[in-house]
Every structure is written in structure tokens, then in C-alpha cells.
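**Student:** For reference, this is target_20.cif, and it has mmCIF, C-alpha atoms.
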data_start
loop_
_atom_site.label_atom_id
_atom_site.label_comp_id
_atom_site.auth_asym_id
_atom_site.auth_seq_id
_atom_site.Cartn_x
_atom_site.Cartn_y
_atom_site.Cartn_z
CA MET A 1 -0.35 8.34 9.79
CA GLY A 2 0.95 5.82 12.28
CA TYR A 3 0.00 4.13 15.51
CA LYS A 4 2.08 2.34 18.14
CA ILE A 5 0.14 -0.79 18.97
CA ILE A 6 2.65 -2.21 21.46
CA ALA A 7 5.48 -0.20 22.99
CA THR A 8 7.24 -2.06 25.80
CA PRO A 9 10.98 -2.24 26.49
CA THR A 10 11.13 -5.69 24.80
CA THR A 11 8.33 -5.57 22.22
CA GLN A 12 7.52 -2.92 19.62
CA LEU A 13 4.64 -3.12 17.13
CA ASP A 14 3.50 -0.21 15.01
CA ALA A 15 1.48 0.35 11.87
CA GLN A 16 1.38 3.16 9.32
CA VAL A 17 -0.82 4.06 6.37
CA GLY A 18 -0.47 6.83 3.85
CA VAL A 19 -1.46 8.19 0.49
CA GLY A 20 0.86 9.83 -2.00
CA TYR A 21 1.49 10.64 -5.61
CA GLN A 22 3.70 8.21 -7.53
CA VAL A 23 5.66 8.82 -10.72
CA LEU A 24 7.07 5.71 -12.41
CA ARG A 25 9.71 6.34 -15.06
CA PRO A 26 10.03 3.07 -17.00
CA GLU A 27 12.80 2.52 -19.52
CA ASP A 28 13.86 -0.11 -22.05
CA ILE A 29 17.39 -1.34 -21.46
CA THR A 30 19.41 -2.85 -24.29
CA LYS A 31 22.08 -5.38 -23.35
CA VAL A 32 24.79 -7.03 -25.40
CA ASP A 33 26.67 -9.91 -23.74
CA GLY A 34 25.27 -8.84 -20.36
CA GLU A 35 26.52 -5.24 -20.71
CA VAL A 36 24.06 -2.34 -20.86
CA THR A 37 24.51 -0.65 -24.25
CA GLY A 38 21.51 1.65 -24.33
CA ARG A 39 18.53 3.04 -22.44
CA THR A 40 15.27 4.38 -23.88
CA LEU A 41 12.95 6.28 -21.55
CA LEU A 42 9.28 5.32 -21.89
CA PRO A 43 6.31 7.56 -21.02
CA SER A 44 5.97 8.19 -17.29
CA GLU A 45 3.09 6.63 -15.37
CA LYS A 46 1.60 8.92 -12.73
CA GLY A 47 -1.09 8.38 -10.16
CA VAL A 48 -2.18 8.02 -6.56
CA ALA A 49 -0.40 5.39 -4.47
CA GLU A 50 -1.49 3.98 -1.13
CA THR A 51 1.03 2.64 1.37
CA ALA A 52 0.74 0.54 4.50
CA ALA A 53 3.40 -0.89 6.78
CA ILE A 54 3.68 -2.96 9.93
CA ASN A 55 6.93 -3.04 11.93
CA TYR A 56 7.59 -5.58 14.66
CA SER A 57 10.58 -5.86 16.97
CA GLN A 58 11.09 -8.38 19.77
CA ALA A 59 14.06 -8.52 22.14
CA LEU A 60 14.60 -12.26 22.58
CA SER A 61 17.33 -11.64 25.16
CA SER A 62 19.56 -8.78 26.23
CA THR A 63 21.74 -9.36 23.15
CA VAL A 64 19.37 -10.79 20.49
CA THR A 65 16.61 -8.87 18.67
CA LEU A 66 14.20 -10.14 16.01
CA THR A 67 12.62 -7.63 13.59
CA ASP A 68 10.07 -8.03 10.84
CA LYS A 69 8.95 -5.25 8.50
CA LEU A 70 6.05 -5.65 6.09
CA ALA A 71 5.31 -2.87 3.58
CA VAL A 72 2.73 -2.64 0.80
CA THR A 73 2.59 0.05 -1.89
CA SER A 74 -0.34 -0.08 -4.26
CA SER A 75 -1.21 2.04 -7.28
CA SER A 76 -3.04 1.67 -10.57
CA ALA A 77 0.28 0.60 -12.16
CA ASP A 78 1.16 -2.22 -9.76
CA ARG A 79 1.35 -3.49 -6.19
CA LEU A 80 4.66 -4.02 -4.38
CA VAL A 81 4.79 -6.12 -1.20
CA THR A 82 8.03 -6.33 0.75
CA ASN A 83 8.71 -8.36 3.89
CA ALA A 84 12.08 -8.20 5.65
CA LEU A 85 12.97 -10.46 8.58
CA ALA A 86 16.21 -9.97 10.51
CA VAL A 87 17.99 -11.15 13.64
CA ALA A 88 20.59 -8.91 15.29
CA VAL A 89 23.07 -10.12 17.88
CA LYS A 90 24.96 -7.55 19.96
CA VAL A 91 28.70 -8.15 20.02
CA SER A 92 29.35 -5.16 22.28
CA THR A 93 27.53 -2.02 23.39
CA LYS A 94 28.37 -0.38 20.04
CA LEU A 95 28.50 -3.32 17.57
CA ALA A 96 26.00 -5.92 16.42
CA LEU A 97 25.85 -8.54 13.69
CA SER A 98 22.59 -8.73 11.74
CA VAL A 99 21.41 -11.46 9.38
CA GLY A 100 18.32 -10.86 7.27
CA TYR A 101 16.06 -12.29 4.59
CA ALA A 102 13.72 -10.19 2.46
CA VAL A 103 11.07 -11.13 -0.10
CA GLN A 104 9.70 -8.64 -2.61
CA ASP A 105 6.59 -9.40 -4.69
CA ASN A 106 5.82 -7.07 -7.59
CA SER A 107 2.44 -7.63 -9.27
CA SER A 108 3.61 -6.08 -12.58
CA PRO A 109 7.38 -6.31 -12.96
CA PRO A 110 9.06 -4.97 -16.10
CA ALA A 111 9.32 -7.47 -18.97
CA GLY A 112 12.05 -10.03 -18.40
CA LEU A 113 12.17 -9.61 -14.62
CA LYS A 114 10.88 -11.98 -11.97
CA LYS A 115 7.67 -11.33 -10.04
CA ILE A 116 9.30 -12.37 -6.75
CA ASP A 117 12.81 -11.38 -5.64
CA THR A 118 14.66 -12.40 -2.50
CA LEU A 119 17.59 -10.82 -0.72
CA GLU A 120 19.82 -12.30 1.97
CA THR A 121 21.90 -9.85 4.00
CA VAL A 122 24.66 -9.91 6.59
CA ASN A 123 25.40 -6.55 8.21
CA LEU A 124 27.76 -5.15 10.79
CA VAL A 125 25.73 -2.56 12.73
CA TYR A 126 27.34 0.31 14.64
CA SER A 127 25.32 2.23 17.26
CA PHE A 128 26.10 5.88 17.96
#
Would you mind giving the structure from this file in C-alpha cells?

**Tutor:**
Amino acid sequence: MGYKIIATPTTQLDAQVGVGYQVLRPEDITKVDGEVTGRTLLPSEKGVAETAAINYSQALSSTVTLTDKLAVTSSSADRLVTNALAVAVKVSTKLALSVGYAVQDNSSPPAGLKKIDTLETVNLVYSF
């Protein structure tokens, strides 16, 4: 279920919530010298998952747009929060260059993995 809070030509803000059924299929990965040498599937974890998201977009000028997307997925197994911020600059009517930064926080990451991950992106965007 979603709702558009703000919908103007320069500003967009919407929110969504939902409920679903989640199946997590964990596995143990064996590595030797950084190479994956084996995988062992563990018992699946199943249950209800709730999701919520807020999407924001602001046209800063006729060629520059700022977007921010926040999403939360929560279940009995863990909670995953992702926030992605990006700036897109139009190069032409069909092409844009986008630079982004995302942070992902997992309340219960698999053993050996970090709780918080980050991702920096540079994209060439083509509009149809």
C-alpha cells in the first residue's frame, strides 16, 4: 500500500508499507585462499516480513535531481535498513550521469560479515 505525500513537478515524496512472507536460505561457504570451494545449505528460515519505504526526489534545477530512498524490511530473523542517496545530472535529453552512496544495516548478518555495508556508484543513465 502506498501514498503520494507530495507530487509536484519538482518534488516527489511517497511512502509504502507492506506485509509478506519471507524465506531465507542461509548457507555455509567454505573458502580456500579466497576462492569458494564448497557450499552447504542450512535449514531455511520462514516467516512474516514487514516492509516500509520512503522515496524522495527533488529537482534542484532543470538538469540536476537529488533522490533519496529509505527502505526497511523486518522479520523475526533480522531487520535490514537501506538508504540510497543519489544525484543525477542531465547531459542531454536522453543521457544523465548519476553518482550515489548507499548504506545497508543488517541487524543479524551471517557470521564473518559486517553489520553495515556501504556502496558508492557512478552510473550512466539512458532515458527512453

**Student:** If you count all atoms listed in the file, which residues fall within 6 Å of stretch 63-70 of chain A, apart from same-chain ones fewer than 6 positions away, as a PyMOL selection string?

**Tutor:** chain A and resi 53-57+82-90

**Student:** To one decimal place, how far is atom CA of A:Ser74 from atom CA of A:Asn106 in Å?

**Tutor:**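 One can read the atom CA of A:Ser74 to atom CA of A:Asn106 distance as 9.9 Å.
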
**Student:** Quick one: everything within 12 Å of A:Pro9, counting all atoms listed in the file, minus sequence neighbours fewer than 4 positions away in the same chain. Send it as a VMD selection string.

**Tutor:** chain A and resid 13 57 to 62 65

**Student:** Which neighbours of A:Val72 fall inside 12 Å, counting all atoms listed in the file, when residues of the same chain fewer than 5 positions from it are skipped, and could you give them as an MDAnalysis selection string?

**Tutor:** chainID A and resid 15:19 49:55 78:84 103:107

**Student:** What's the 8 Å shell around stretch 42-47 of chain A, counting only C-alpha atoms, without same-chain residues fewer than 4 positions away, as a ChimeraX atom specification?

**Tutor:** /A:21-28,75-77

**Student:** Could you state the separation of atom CA of A:Leu124 and atom CA of A:Ile5 in Å, given to one decimal place?

**Tutor:**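 Separation of atom CA of A:Leu124 and atom CA of A:Ile5: 29.1 Å.
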
**Student:** Distance atom CA of A:Val99-atom CA of A:Asn123, one decimal place?

**Tutor:** 6.4 Å

**Student:** Please evaluate the PyMOL selection byres ((chain A and resi 39) around 7) against the displayed coordinates and give the resulting residues as a ChimeraX atom specification.

**Tutor:** /A:27-30,38,40-41

**Student:** Please produce a file of the residues just selected, as an mmCIF file, in the frame of the given file, where the atoms kept are C-alpha atoms.

**Tutor:**
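Dumped to again-v7.cif:
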data_model
loop_
_atom_site.group_PDB
_atom_site.id
_atom_site.type_symbol
_atom_site.label_atom_id
_atom_site.label_comp_id
_atom_site.auth_asym_id
_atom_site.auth_seq_id
_atom_site.Cartn_x
_atom_site.Cartn_y
_atom_site.Cartn_z
ATOM 1 C CA GLU A 27 12.800 2.520 -19.520
ATOM 2 C CA ASP A 28 13.860 -0.110 -22.050
ATOM 3 C CA ILE A 29 17.390 -1.340 -21.460
ATOM 4 C CA THR A 30 19.410 -2.850 -24.290
ATOM 5 C CA GLY A 38 21.510 1.650 -24.330
ATOM 6 C CA THR A 40 15.270 4.380 -23.880
ATOM 7 C CA LEU A 41 12.950 6.280 -21.550
#

**Student:** With all atoms listed in the file as the atoms that count, which of A:Thr118, A:Thr11, A:Ser127, A:Ser108 lies nearest to A:Val91?

**Tutor:**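 Ranking A:Thr118, A:Thr11, A:Ser127, A:Ser108 by distance to A:Val91, first place goes to A:Ser127.
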
**Student:** Restricting the calculation to all atoms listed in the file: of A:Lys114, A:Val125, A:Ala71, A:Pro109, which residue gets closest to A:Leu97?

**Tutor:**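 Between A:Lys114, A:Val125, A:Ala71, A:Pro109, the residue approaching A:Leu97 most closely is A:Val125.
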
**Student:** Rank A:Val48, A:Thr73, A:Lys31, A:Gly100 by their smallest atom-to-atom distance to A:Thr121, using all atoms listed in the file, and report the top residue only.

**Tutor:** A:Gly100
